[in-house]
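As provided, model.txt (compact mmCIF, C-alpha atoms and all ligand atoms) reads as follows.
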```txt
# COMPACT_ATOMS: atom_id res chain seq x y z
CA MET A 1 -19.00 12.38 10.60
CA THR A 2 -18.98 15.91 9.12
CA ALA A 3 -19.82 16.08 5.39
CA PHE A 4 -16.80 17.52 3.60
CA SER A 5 -17.14 19.34 0.30
CA GLY A 6 -14.45 19.23 -2.42
CA GLY A 7 -11.77 21.92 -2.56
CA LYS A 8 -12.80 23.36 0.84
CA CYS A 9 -10.32 23.25 3.70
CA HIS A 10 -11.30 22.32 7.23
CA GLU A 11 -9.25 23.20 10.28
CA PHE A 12 -8.12 20.81 13.04
CA THR A 13 -9.72 17.72 11.52
CA GLU A 14 -9.56 14.38 13.30
CA MET A 15 -7.66 11.92 11.05
CA GLN A 16 -8.77 8.73 12.84
CA PRO A 17 -11.66 8.03 10.41
CA PHE A 18 -9.41 8.53 7.36
CA THR A 19 -6.73 5.90 8.07
CA THR A 20 -7.14 2.17 8.65
CA MET A 21 -4.72 2.29 11.60
CA ALA A 22 -7.10 4.85 13.12
CA LEU A 23 -4.77 6.47 15.65
CA PRO A 24 -5.92 9.69 17.31
CA ALA A 25 -4.35 12.73 15.56
CA THR A 26 -5.58 15.91 13.94
CA ALA A 27 -4.55 17.70 10.74
CA ARG A 28 -4.14 21.48 10.92
CA PHE A 29 -5.91 21.67 7.54
CA PHE A 30 -7.78 18.91 5.74
CA CYS A 31 -9.04 19.25 2.21
CA PRO A 32 -10.80 16.58 0.14
CA ILE A 33 -10.29 16.87 -3.63
CA PHE A 34 -13.16 15.62 -5.79
CA HIS A 35 -12.08 17.26 -9.08
CA ASP A 36 -8.61 17.83 -10.50
CA ASP A 37 -9.32 21.54 -11.02
CA GLU A 38 -9.63 22.01 -7.24
CA ILE A 39 -5.96 21.15 -6.63
CA VAL A 40 -4.08 24.26 -7.73
CA PRO A 41 -6.43 26.79 -6.06
CA VAL A 42 -6.06 24.90 -2.76
CA LEU A 43 -2.28 24.79 -3.07
CA GLN A 44 -2.14 28.51 -3.96
CA GLN A 45 -4.16 29.32 -0.86
CA PHE A 46 -1.39 27.83 1.33
CA TYR A 47 1.63 28.54 -0.87
CA LYS A 48 3.05 31.49 1.06
CA ASP A 49 2.74 29.65 4.42
CA GLN A 50 5.03 26.84 3.17
CA LEU A 51 3.01 24.30 5.12
CA PRO A 52 3.97 20.63 4.89
CA ILE A 53 1.60 18.77 2.56
CA GLN A 54 0.46 15.19 3.01
CA ILE A 55 -1.34 13.47 0.14
CA LEU A 56 -3.84 10.87 1.30
CA GLY A 57 -5.86 8.25 -0.57
CA GLY A 58 -7.69 5.61 1.45
CA GLY A 59 -5.26 5.86 4.37
CA SER A 60 -4.50 2.12 4.40
CA ASN A 61 -0.75 2.62 4.27
CA THR A 62 -0.50 5.87 6.24
CA ILE A 63 -0.22 6.32 9.99
CA PHE A 64 -0.55 9.68 11.72
CA LEU A 65 1.53 9.16 14.86
CA GLN A 66 1.05 12.77 15.96
CA ASP A 67 -0.99 15.84 15.09
CA PHE A 68 -0.01 17.00 11.62
CA PRO A 69 0.81 20.73 11.42
CA GLY A 70 0.18 21.03 7.66
CA LEU A 71 -2.34 20.40 4.90
CA VAL A 72 -3.77 16.95 4.17
CA LEU A 73 -5.09 16.60 0.61
CA GLN A 74 -7.40 13.62 0.40
CA ILE A 75 -7.77 12.47 -3.22
CA LYS A 76 -11.32 11.44 -4.07
CA THR A 77 -11.43 11.99 -7.83
CA THR A 78 -13.28 9.42 -9.95
CA GLY A 79 -13.44 8.34 -13.59
CA ILE A 80 -12.35 5.47 -15.85
CA GLU A 81 -11.88 5.82 -19.62
CA VAL A 82 -10.52 3.66 -22.42
CA VAL A 83 -7.59 5.36 -24.15
CA SER A 84 -6.86 2.77 -26.84
CA GLU A 85 -7.76 -0.78 -27.66
CA THR A 86 -6.43 -3.56 -29.91
CA ALA A 87 -7.33 -7.23 -30.26
CA GLN A 88 -4.62 -8.03 -27.69
CA ASP A 89 -5.00 -5.37 -25.01
CA VAL A 90 -6.63 -2.21 -23.74
CA VAL A 91 -5.10 0.95 -22.26
CA VAL A 92 -7.31 2.49 -19.63
CA ARG A 93 -6.91 5.77 -17.72
CA VAL A 94 -8.15 5.69 -14.13
CA ALA A 95 -8.57 8.61 -11.73
CA ALA A 96 -6.41 8.49 -8.60
CA GLY A 97 -9.32 8.53 -6.16
CA GLU A 98 -11.02 5.42 -7.58
CA ASN A 99 -11.14 2.54 -5.12
CA TRP A 100 -8.49 -0.02 -6.13
CA ASP A 101 -10.55 -3.16 -5.61
CA SER A 102 -13.60 -1.70 -7.39
CA PHE A 103 -11.33 -1.06 -10.37
CA VAL A 104 -10.04 -4.66 -10.24
CA LYS A 105 -13.67 -5.91 -10.31
CA TYR A 106 -14.56 -3.44 -13.10
CA SER A 107 -11.64 -4.63 -15.25
CA LEU A 108 -12.44 -8.32 -14.79
CA GLN A 109 -16.13 -7.78 -15.60
CA ARG A 110 -15.00 -6.32 -18.95
CA GLU A 111 -12.60 -9.23 -19.51
CA TRP A 112 -9.51 -7.08 -19.14
CA PHE A 113 -7.04 -9.34 -17.40
CA GLY A 114 -3.91 -9.03 -15.28
CA LEU A 115 -5.01 -7.46 -12.00
CA GLU A 116 -6.78 -10.58 -10.63
CA ASN A 117 -3.95 -11.46 -8.21
CA LEU A 118 -4.13 -7.93 -6.76
CA ALA A 119 -7.81 -8.26 -5.77
CA ALA A 120 -8.94 -7.02 -2.36
CA ILE A 121 -5.95 -4.78 -1.62
CA PRO A 122 -7.39 -1.76 0.22
CA GLY A 123 -6.83 1.80 -0.95
CA THR A 124 -6.99 3.93 -4.05
CA VAL A 125 -5.69 3.66 -7.60
CA GLY A 126 -3.48 6.73 -7.10
CA ALA A 127 -1.60 5.13 -4.21
CA ALA A 128 -1.08 1.79 -6.00
CA PRO A 129 2.07 2.90 -7.92
CA VAL A 130 3.54 4.65 -4.86
CA GLN A 131 4.59 1.45 -3.14
CA ASN A 132 4.13 -0.67 -6.28
CA ILE A 133 1.49 -2.80 -4.58
CA GLY A 134 2.01 -6.49 -4.90
CA ALA A 135 0.43 -9.76 -3.83
CA TYR A 136 0.22 -13.41 -4.82
CA GLY A 137 3.11 -13.20 -7.27
CA ARG A 138 2.17 -10.01 -9.14
CA GLU A 139 3.03 -6.32 -8.84
CA VAL A 140 0.99 -3.44 -10.20
CA SER A 141 3.99 -2.05 -12.12
CA GLN A 142 3.64 -5.01 -14.55
CA PHE A 143 0.45 -3.37 -15.85
CA ILE A 144 1.28 0.35 -15.62
CA GLU A 145 1.82 2.29 -18.82
CA ARG A 146 2.08 5.86 -17.53
CA ILE A 147 1.39 8.05 -14.49
CA GLU A 148 -0.08 11.53 -14.93
CA GLY A 149 -0.06 14.20 -12.27
CA ILE A 150 1.04 17.54 -11.02
CA ASP A 151 4.37 18.74 -9.65
CA LEU A 152 3.58 20.40 -6.33
CA ASP A 153 6.58 22.77 -6.47
CA SER A 154 5.80 24.29 -9.86
CA PHE A 155 2.07 23.41 -10.11
CA CYS A 156 2.91 22.10 -13.61
CA ARG A 157 1.55 18.94 -15.17
CA ARG A 158 4.06 16.11 -15.43
CA ASP A 159 3.90 12.53 -16.71
CA TYR A 160 6.10 9.61 -15.68
CA THR A 161 6.63 6.64 -17.97
CA LYS A 162 6.90 3.22 -16.40
CA LEU A 163 10.69 3.38 -16.80
CA GLU A 164 10.94 6.82 -15.17
CA SER A 165 8.86 5.55 -12.23
CA SER A 166 11.79 3.33 -11.04
CA PHE A 167 9.54 0.57 -9.77
CA SER A 168 11.00 -2.11 -7.53
CA TYR A 169 9.81 -4.24 -4.59
CA ARG A 170 7.28 -2.04 -2.67
CA ASP A 171 9.03 1.02 -4.03
CA SER A 172 9.00 3.66 -6.73
CA ILE A 173 10.18 7.20 -7.43
CA PHE A 174 6.86 8.38 -5.88
CA LYS A 175 7.80 6.85 -2.53
CA LYS A 176 11.38 8.17 -2.55
CA LYS A 177 12.70 10.92 -4.82
CA VAL A 178 9.47 12.84 -5.50
CA SER A 179 7.59 11.74 -2.38
CA GLY A 180 5.22 14.49 -1.23
CA ARG A 181 6.14 16.64 -4.24
CA PHE A 182 4.19 14.90 -6.98
CA LEU A 183 0.45 14.34 -6.89
CA ILE A 184 -0.76 11.45 -9.01
CA GLN A 185 -3.98 12.38 -10.81
CA GLN A 186 -4.42 9.42 -13.17
CA VAL A 187 -2.81 6.06 -13.76
CA LEU A 188 -2.79 4.43 -17.20
CA PHE A 189 -2.90 0.62 -17.22
CA ARG A 190 -2.31 -1.77 -20.12
CA LEU A 191 -4.47 -4.85 -19.52
CA ASN A 192 -4.60 -8.08 -21.51
CA LYS A 193 -7.59 -9.36 -23.41
CA LYS A 194 -6.26 -12.89 -23.08
CA GLU A 195 -6.03 -14.54 -19.68
CA ILE A 196 -2.41 -15.17 -18.69
CA LEU A 197 -2.93 -16.68 -15.28
CA ASP A 198 -0.51 -17.10 -12.40
CA THR A 199 -1.44 -19.55 -9.65
CA SER A 200 2.13 -20.36 -8.69
CA TYR A 201 2.00 -18.59 -5.30
CA PRO A 202 1.85 -21.31 -2.58
CA ASP A 203 -1.52 -20.25 -1.04
CA LEU A 204 -3.11 -20.17 -4.49
CA LYS A 205 -1.53 -23.45 -5.52
CA ASN A 206 -3.03 -25.11 -2.45
CA PHE A 207 -6.41 -23.50 -3.04
CA PHE A 208 -6.63 -24.85 -6.60
CA ASN A 209 -4.95 -28.13 -5.83
CA SER A 210 -7.83 -30.40 -6.72
CA PRO A 211 -8.89 -31.98 -10.05
CA GLU A 212 -12.18 -29.98 -10.13
CA THR A 213 -10.30 -26.70 -10.00
CA SER A 214 -7.59 -27.50 -12.52
CA GLN A 215 -9.27 -25.25 -15.15
CA VAL A 216 -9.41 -21.86 -13.46
CA ASN A 217 -10.15 -18.41 -14.83
CA ALA A 218 -9.17 -14.91 -13.71
CA ILE A 219 -12.43 -14.24 -11.82
CA GLN A 220 -12.00 -17.51 -9.88
CA ILE A 221 -8.46 -16.47 -8.98
CA ALA A 222 -9.67 -13.07 -7.73
CA ASN A 223 -12.44 -14.77 -5.71
CA ALA A 224 -10.00 -17.30 -4.26
CA ILE A 225 -7.70 -14.48 -3.21
CA ARG A 226 -10.60 -12.62 -1.58
CA ASP A 227 -11.39 -15.79 0.34
CA ILE A 228 -7.79 -16.46 1.43
CA ARG A 229 -7.23 -12.81 2.42
CA SER A 230 -10.43 -12.59 4.45
CA LYS A 231 -9.31 -15.60 6.54
CA LYS A 232 -5.74 -14.42 6.99
CA LEU A 233 -5.90 -10.64 7.34
CA PRO A 234 -7.67 -8.59 10.01
CA ALA A 235 -10.50 -6.37 8.69
CA PRO A 236 -9.43 -2.78 9.53
CA GLU A 237 -13.04 -1.78 10.44
CA ILE A 238 -12.82 -4.28 13.32
CA ILE A 239 -9.10 -4.46 14.13
CA PRO A 240 -7.14 -1.31 13.21
CA ASN A 241 -4.09 -2.13 11.04
CA SER A 242 -2.19 -1.10 7.91
CA GLY A 243 -1.55 -4.53 6.40
CA SER A 244 2.07 -5.69 6.32
CA PHE A 245 3.89 -3.36 8.66
CA PHE A 246 7.46 -4.19 7.62
CA GLN A 247 9.12 -4.99 4.31
CA ASN A 248 10.64 -8.42 3.84
CA PRO A 249 14.39 -7.78 4.24
CA GLU A 250 16.79 -8.51 1.43
CA VAL A 251 20.24 -9.99 2.11
CA THR A 252 23.15 -11.07 -0.09
CA GLU A 253 23.48 -14.77 -1.01
CA ASP A 254 26.45 -15.06 1.40
CA VAL A 255 24.52 -13.68 4.36
CA ALA A 256 21.55 -15.86 3.39
CA SER A 257 23.66 -19.05 3.40
CA ALA A 258 25.18 -18.19 6.77
CA LEU A 259 21.70 -17.58 8.22
CA LYS A 260 20.34 -20.80 6.70
CA GLU A 261 23.15 -22.79 8.28
CA ARG A 262 22.34 -21.32 11.67
CA TYR A 263 18.54 -21.39 11.28
CA PRO A 264 17.71 -24.21 8.79
CA GLU A 265 13.96 -23.54 9.03
CA MET A 266 14.29 -19.85 8.03
CA PRO A 267 12.25 -19.21 4.83
CA LEU A 268 14.34 -17.60 2.08
CA TYR A 269 13.04 -16.55 -1.33
CA ASN A 270 14.76 -15.85 -4.63
CA HIS A 271 14.43 -12.20 -5.44
CA ARG A 272 17.05 -10.79 -7.78
CA PRO A 273 20.43 -12.19 -8.79
CA GLY A 274 22.84 -12.30 -5.86
CA TYR A 275 20.17 -11.61 -3.20
CA LYS A 276 17.55 -13.45 -1.18
CA LYS A 277 14.48 -12.21 0.64
CA ILE A 278 13.68 -13.34 4.16
CA ALA A 279 10.11 -13.54 5.47
CA ALA A 280 9.94 -10.74 8.04
CA ALA A 281 6.96 -12.51 9.65
CA TRP A 282 9.21 -15.48 10.48
CA LEU A 283 11.86 -13.24 12.11
CA ILE A 284 9.18 -11.49 14.18
CA GLU A 285 7.56 -14.75 15.26
CA PHE A 286 10.95 -16.26 16.13
CA CYS A 287 11.60 -13.31 18.45
CA GLY A 288 8.32 -13.98 20.25
CA TRP A 289 6.25 -11.00 19.06
CA LYS A 290 3.40 -12.86 17.36
CA GLY A 291 0.34 -12.27 19.53
CA ARG A 292 2.34 -10.45 22.23
CA TRP A 293 0.30 -7.47 23.51
CA GLN A 294 2.05 -4.48 25.01
CA ASN A 295 0.58 -0.97 25.48
CA HIS A 296 -2.55 -1.78 23.42
CA CYS A 297 -0.46 -3.05 20.45
CA SER A 298 0.41 -6.51 19.15
CA MET A 299 1.72 -8.33 16.09
CA TYR A 300 -1.41 -10.16 14.84
CA ASP A 301 -1.66 -13.73 16.14
CA ARG A 302 -2.69 -15.07 12.70
CA HIS A 303 -0.05 -13.15 10.73
CA ALA A 304 3.06 -11.86 12.50
CA LEU A 305 3.80 -9.16 9.92
CA ILE A 306 0.67 -7.17 10.77
CA LEU A 307 0.82 -4.70 13.63
CA ILE A 308 -2.63 -4.24 15.19
CA HIS A 309 -3.98 -2.32 18.16
CA ASP A 310 -7.06 -2.58 20.33
CA GLY A 311 -8.49 0.81 19.33
CA HIS A 312 -6.95 2.62 22.30
CA ALA A 313 -3.27 2.93 21.34
CA SER A 314 -1.67 6.34 20.95
CA GLY A 315 0.86 7.11 18.21
CA LYS A 316 3.60 7.08 20.82
CA GLU A 317 2.62 3.62 22.09
CA LEU A 318 2.53 2.20 18.58
CA TYR A 319 5.87 3.81 17.71
CA HIS A 320 7.53 2.35 20.81
CA TYR A 321 6.07 -1.09 20.15
CA MET A 322 7.40 -0.98 16.58
CA THR A 323 10.83 0.14 17.84
CA GLU A 324 11.00 -2.76 20.29
CA VAL A 325 10.18 -5.25 17.53
CA ILE A 326 12.89 -3.78 15.27
CA GLU A 327 15.48 -3.80 18.07
CA SER A 328 14.69 -7.31 19.16
CA VAL A 329 14.94 -8.71 15.59
CA PHE A 330 18.22 -6.84 15.15
CA ARG A 331 19.66 -8.24 18.40
CA VAL A 332 19.02 -11.81 17.27
CA PHE A 333 19.68 -11.67 13.50
CA GLN A 334 21.58 -8.37 12.89
CA ILE A 335 18.88 -7.58 10.33
CA GLU A 336 17.14 -4.21 10.47
CA LEU A 337 13.42 -4.35 9.67
CA VAL A 338 12.23 -1.40 7.61
CA PRO A 339 8.60 -0.25 7.95
CA GLU A 340 6.54 -0.56 4.77
CA VAL A 341 3.94 1.91 6.05
CA ASN A 342 4.23 5.70 5.79
CA MET A 343 4.51 7.13 9.27
CA ILE A 344 3.79 10.81 9.80
CA GLY A 345 5.64 12.10 12.87
CA ARG A 346 8.21 10.40 15.06
CA PHE A 347 9.33 10.12 18.68
CA THR A 348 12.75 9.94 20.25
C1 LIG A 401 -5.61 -5.16 5.48
C2 LIG A 401 -4.59 -4.60 4.53
C3 LIG A 401 -4.02 -5.40 3.56
C4 LIG A 401 -3.06 -4.90 2.68
N1 LIG A 401 -2.53 -5.73 1.74
C5 LIG A 401 -1.59 -5.26 0.89
C6 LIG A 401 -1.02 -6.12 -0.10
O1 LIG A 401 -1.37 -7.29 -0.24
N2 LIG A 401 -0.07 -5.61 -0.92
C7 LIG A 401 0.33 -4.30 -0.84
O2 LIG A 401 1.21 -3.89 -1.62
N3 LIG A 401 -0.20 -3.46 0.08
C8 LIG A 401 -1.15 -3.90 0.94
N4 LIG A 401 -1.68 -3.07 1.88
C9 LIG A 401 -1.23 -1.68 1.95
C10 LIG A 401 -2.14 -0.68 1.20
O3 LIG A 401 -3.38 -1.24 0.94
C11 LIG A 401 -1.52 -0.21 -0.13
O4 LIG A 401 -0.26 0.37 0.10
C12 LIG A 401 -2.41 0.80 -0.84
O5 LIG A 401 -1.91 1.08 -2.13
C13 LIG A 401 -2.56 2.10 -0.08
O6 LIG A 401 -3.58 2.84 -0.70
P1 LIG A 401 -4.22 4.10 0.03
O7 LIG A 401 -5.03 4.84 -0.98
O8 LIG A 401 -4.95 3.66 1.25
O9 LIG A 401 -2.91 4.89 0.40
P2 LIG A 401 -2.61 5.96 1.53
O10 LIG A 401 -2.31 5.26 2.80
O11 LIG A 401 -3.66 7.00 1.56
O12 LIG A 401 -1.26 6.57 0.94
C14 LIG A 401 -0.12 5.76 0.85
C15 LIG A 401 1.04 6.61 0.30
O13 LIG A 401 0.75 7.00 -1.03
C16 LIG A 401 0.74 8.41 -1.15
N5 LIG A 401 -0.37 8.76 -2.06
C17 LIG A 401 -1.66 8.36 -1.95
N6 LIG A 401 -2.37 8.85 -3.00
C18 LIG A 401 -1.50 9.56 -3.75
C19 LIG A 401 -1.63 10.33 -4.94
N7 LIG A 401 -2.79 10.47 -5.59
N8 LIG A 401 -0.52 10.96 -5.44
C20 LIG A 401 0.68 10.84 -4.81
N9 LIG A 401 0.87 10.15 -3.67
C21 LIG A 401 -0.22 9.51 -3.16
C22 LIG A 401 0.52 8.95 0.26
O14 LIG A 401 1.07 10.24 0.41
C23 LIG A 401 1.27 7.91 1.08
O15 LIG A 401 2.63 8.20 1.07
C24 LIG A 401 -2.67 -3.54 2.77
C25 LIG A 401 -3.25 -2.71 3.75
C26 LIG A 401 -4.20 -3.23 4.61
C27 LIG A 401 -4.83 -2.33 5.64
```
Starting from the file, give its structure as structure tokens.
Amino acid sequence: MTAFSGGKCHEFTEMQPFTTMALPATARFFCPIFHDDEIVPVLQQFYKDQLPIQILGGGSNTIFLQDFPGLVLQIKTTGIEVVSETAQDVVVRVAAGENWDSFVKYSLQREWFGLENLAAIPGTVGAAPVQNIGAYGREVSQFIERIEGIDLDSFCRRDYTKLESSFSYRDSIFKKKVSGRFLIQQVLFRLNKKEILDTSYPDLKNFFNSPETSQVNAIQIANAIRDIRSKKLPAPEIIPNSGSFFQNPEVTEDVASALKERYPEMPLYNHRPGYKKIAAAWLIEFCGWKGRWQNHCSMYDRHALILIHDGHASGKELYHYMTEVIESVFRVFQIELVPEVNMIGRFT
């Protein structure tokens, strides 16, 4: 692979190595950012051309379906610093390009607790607030204090408090209202000095369901999660994928009861008052897509929510496979699956 230097733009760059779904597509311009002071000069260089801009971290939630006619800014900045500390907690500022899981390990080694259930999620710290990453009963927004970054329209610095970030299930202001217009440079986390553990998630409960493991600590939880995830999820280096492809749909209590009457085995989860969440994996499996290969693509046979391909799919093939899954689930349940991944480009 070509060695890329920070703040320098490269033309017609192959994006396959920079996303875990690894579809063939090029970016008109590709620019890795190693230092925050490289951002504005790069943006100024392209300002008058009004090119579309795509911010990229580790590419584990981004799919280039087609060649991208604009500028891809890949955030590779590093740095972790303590901002303040009390006997109860620590506030730590982390650069957007830091690897998420390395930061989870770093925090646990220092006995800063809270992120243990989010161990082994691929990607960068800067992308974590965008879809409010969550796993095993926790969401990153529970530990976020502030987001610092730069407004790409004005090139001005801007901070978002946790409240202003409008976090919800796999969502935030960075994914919707200011998507593509705000570049996250640092995330500030407030982490606990006391372990407040959560092993209530079913997979974790089963894992620790023996007398020897009744006294667990945060590092053991993180290790258990690494173990469970490695058995359940396909490694992107071997099987290209972007993790959960669809969000779990939310329906009103009334719709949920009607569905439960018709399909008693359908898993429903409490979410927020008046609504239930349905496991999208169950809907997909019910419609026969689990392990069904078509045009190089399939829903993973060990986890029906993960769309994989055999390394030879095109963006168009993947898009059409996804569309067929959505249509087939809709035909049976009148529920529209919404992709959780960020897709660049579309087909008709
Ligand atoms: C095997 C596997 C398992 C996964 N498991 C989980 C899971 O358990 N829970 C979960 O929530 N997710 C999971 N994911 C999805 C993914 O890991 C997360 O969404 C992660 O936060 C993406 O990080 P990234 O750096 O790779 O993001 P990218 O794909 O590079 O970017 C994702 C989005 O964030 C934006 N973005 C990235 N960096 C910045 C920045 N600095 N400023 C502004 N916008 C930015 C991008 O423009 C894009 O819209 C999984 C993915 C895989 C492949």
Between A:Ile150, A:Ile238, A:Leu318, A:Ile133, which one has atoms that come closest to Cys297 (chain A), using all atoms listed in the file?
A:Leu318
For the interface of region 210-329 of chain A with region 90-101 of chain A (cut-off 12 Å, counting only C-alpha atoms), please tabulate each contacting residue of region 210-329 of chain A alongside its nearest pair of atoms and their separation in Å to one decimal, rows sorted by chain and increasing number, as JSON lines.
```
{"residue": "A:Ala222", "atom": "CA", "partner": "A:Asp101", "partner_atom": "CA", "distance": 10.2}
{"residue": "A:Asn223", "atom": "CA", "partner": "A:Asp101", "partner_atom": "CA", "distance": 11.8}
{"residue": "A:Ile225", "atom": "CA", "partner": "A:Asp101", "partner_atom": "CA", "distance": 11.9}
{"residue": "A:Arg226", "atom": "CA", "partner": "A:Asp101", "partner_atom": "CA", "distance": 10.3}
```
Record the distance separating atom C1 of ligand LIG 401 (chain A) and CA of Ile221 (chain A), expressed in Å with one decimal.
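Straight-line distance from atom C1 of ligand LIG 401 (chain A) to CA of Ile221 (chain A) works out to 18.6 Å.
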Taking all atoms listed in the file into account, report as a CSV table (one decimal) with C-alpha atoms, in the frame of the given file which residues have an atom no farther than 6 Å from an atom of ligand LIG 401 (chain A).
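This is the output file part_37.csv:
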```csv
chain,number,residue,atom,x,y,z
A,20,THR,CA,-7.1,2.2,8.6
A,54,GLN,CA,0.5,15.2,3.0
A,55,ILE,CA,-1.3,13.5,0.1
A,56,LEU,CA,-3.8,10.9,1.3
A,57,GLY,CA,-5.9,8.2,-0.6
A,58,GLY,CA,-7.7,5.6,1.4
A,59,GLY,CA,-5.3,5.9,4.4
A,60,SER,CA,-4.5,2.1,4.4
A,61,ASN,CA,-0.8,2.6,4.3
A,62,THR,CA,-0.5,5.9,6.2
A,75,ILE,CA,-7.8,12.5,-3.2
A,96,ALA,CA,-6.4,8.5,-8.6
A,121,ILE,CA,-6.0,-4.8,-1.6
A,122,PRO,CA,-7.4,-1.8,0.2
A,123,GLY,CA,-6.8,1.8,-1.0
A,124,THR,CA,-7.0,3.9,-4.0
A,126,GLY,CA,-3.5,6.7,-7.1
A,127,ALA,CA,-1.6,5.1,-4.2
A,128,ALA,CA,-1.1,1.8,-6.0
A,130,VAL,CA,3.5,4.6,-4.9
A,131,GLN,CA,4.6,1.4,-3.1
A,133,ILE,CA,1.5,-2.8,-4.6
A,134,GLY,CA,2.0,-6.5,-4.9
A,135,ALA,CA,0.4,-9.8,-3.8
A,182,PHE,CA,4.2,14.9,-7.0
A,183,LEU,CA,0.4,14.3,-6.9
A,184,ILE,CA,-0.8,11.4,-9.0
A,185,GLN,CA,-4.0,12.4,-10.8
A,233,LEU,CA,-5.9,-10.6,7.3
A,235,ALA,CA,-10.5,-6.4,8.7
A,241,ASN,CA,-4.1,-2.1,11.0
A,242,SER,CA,-2.2,-1.1,7.9
A,243,GLY,CA,-1.6,-4.5,6.4
A,342,ASN,CA,4.2,5.7,5.8
```
Atomic distance CA of Ala119 (chain A) - CA of Phe34 (chain A), expressed in Å with one decimal
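Computing the Euclidean distance for CA of Ala119 (chain A) and CA of Phe34 (chain A) yields 24.5 Å.
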Give as a list of chain:residue names the set of residues within 9 Å of the point (2.0, 7.6, 21.2), where distances use the file's coordinates and only C-alpha atoms.
A:Leu23, A:Leu65, A:Gln66, A:Ala313, A:Ser314, A:Gly315, A:Lys316, A:Glu317, A:Leu318, A:Tyr319, A:His320, A:Phe347
Dump C-alpha atoms for the selected residues as an mmCIF file, in the frame of the given file?
```
data_model
loop_
_atom_site.group_PDB
_atom_site.id
_atom_site.type_symbol
_atom_site.label_atom_id
_atom_site.label_comp_id
_atom_site.auth_asym_id
_atom_site.auth_seq_id
_atom_site.Cartn_x
_atom_site.Cartn_y
_atom_site.Cartn_z
ATOM 1 C CA LEU A 23 -4.770 6.470 15.650
ATOM 2 C CA LEU A 65 1.530 9.160 14.860
ATOM 3 C CA GLN A 66 1.050 12.770 15.960
ATOM 4 C CA ALA A 313 -3.270 2.930 21.340
ATOM 5 C CA SER A 314 -1.670 6.340 20.950
ATOM 6 C CA GLY A 315 0.860 7.110 18.210
ATOM 7 C CA LYS A 316 3.600 7.080 20.820
ATOM 8 C CA GLU A 317 2.620 3.620 22.090
ATOM 9 C CA LEU A 318 2.530 2.200 18.580
ATOM 10 C CA TYR A 319 5.870 3.810 17.710
ATOM 11 C CA HIS A 320 7.530 2.350 20.810
ATOM 12 C CA PHE A 347 9.330 10.120 18.680
#
```
Given all atoms listed in the file as the basis, pick out the residue of A:Ile63, A:Val332, A:Leu191, A:Ile33 nearest to Asp89 (chain A).
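Counting all atoms listed in the file, the residue closest to Asp89 (chain A) is A:Leu191.
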Residue neighbourhood Phe64 (chain A), 7 Å, only C-alpha atoms, exclusion window fewer than 4 positions, as a CSV table (one decimal) with C-alpha atoms, in the frame of the given file:
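As written to disk, around13.csv reads:
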```
chain,number,residue,atom,x,y,z
A,23,LEU,CA,-4.8,6.5,15.6
A,25,ALA,CA,-4.4,12.7,15.6
A,343,MET,CA,4.5,7.1,9.3
A,344,ILE,CA,3.8,10.8,9.8
A,345,GLY,CA,5.6,12.1,12.9
```
Can you work out which one of A:Leu51, A:Val72, A:Ala224, A:Leu337 has the shortest atom-to-atom distance to Met322 (chain A), counting only C-alpha atoms?
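Ranking A:Leu51, A:Val72, A:Ala224, A:Leu337 by distance to Met322 (chain A), first place goes to A:Leu337.
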Selection: 8 Å around region 102-109 of chain A, only C-alpha atoms, excl. self and same-chain fewer than 5 positions, as a list in words:
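Listing them by chain and then by number gives Leu115, Glu116, Leu118, Ala119, Val125, Ala218 and Ile219 of chain A.
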Can you pull out the residues contacting region 267-282 of chain A? Cut-off 9 Å, using all atoms listed in the file, and skip same-chain residues under 6 positions away; I want them as a ChimeraX atom specification.
/A:246-256,260,290,303-306,337
Distance CA of Pro52 (chain A)-CA of Asp36 (chain A), one decimal place?
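Result for CA of Pro52 (chain A) versus CA of Asp36 (chain A): 20.1 Å, one decimal.
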Pick out the residues sitting within 12 Å of Asp49 (chain A), and hand them over as a ChimeraX atom specification; count all atoms listed in the file, and ignore anything fewer than 5 positions along from it in its own chain.
/A:43-44,69-71
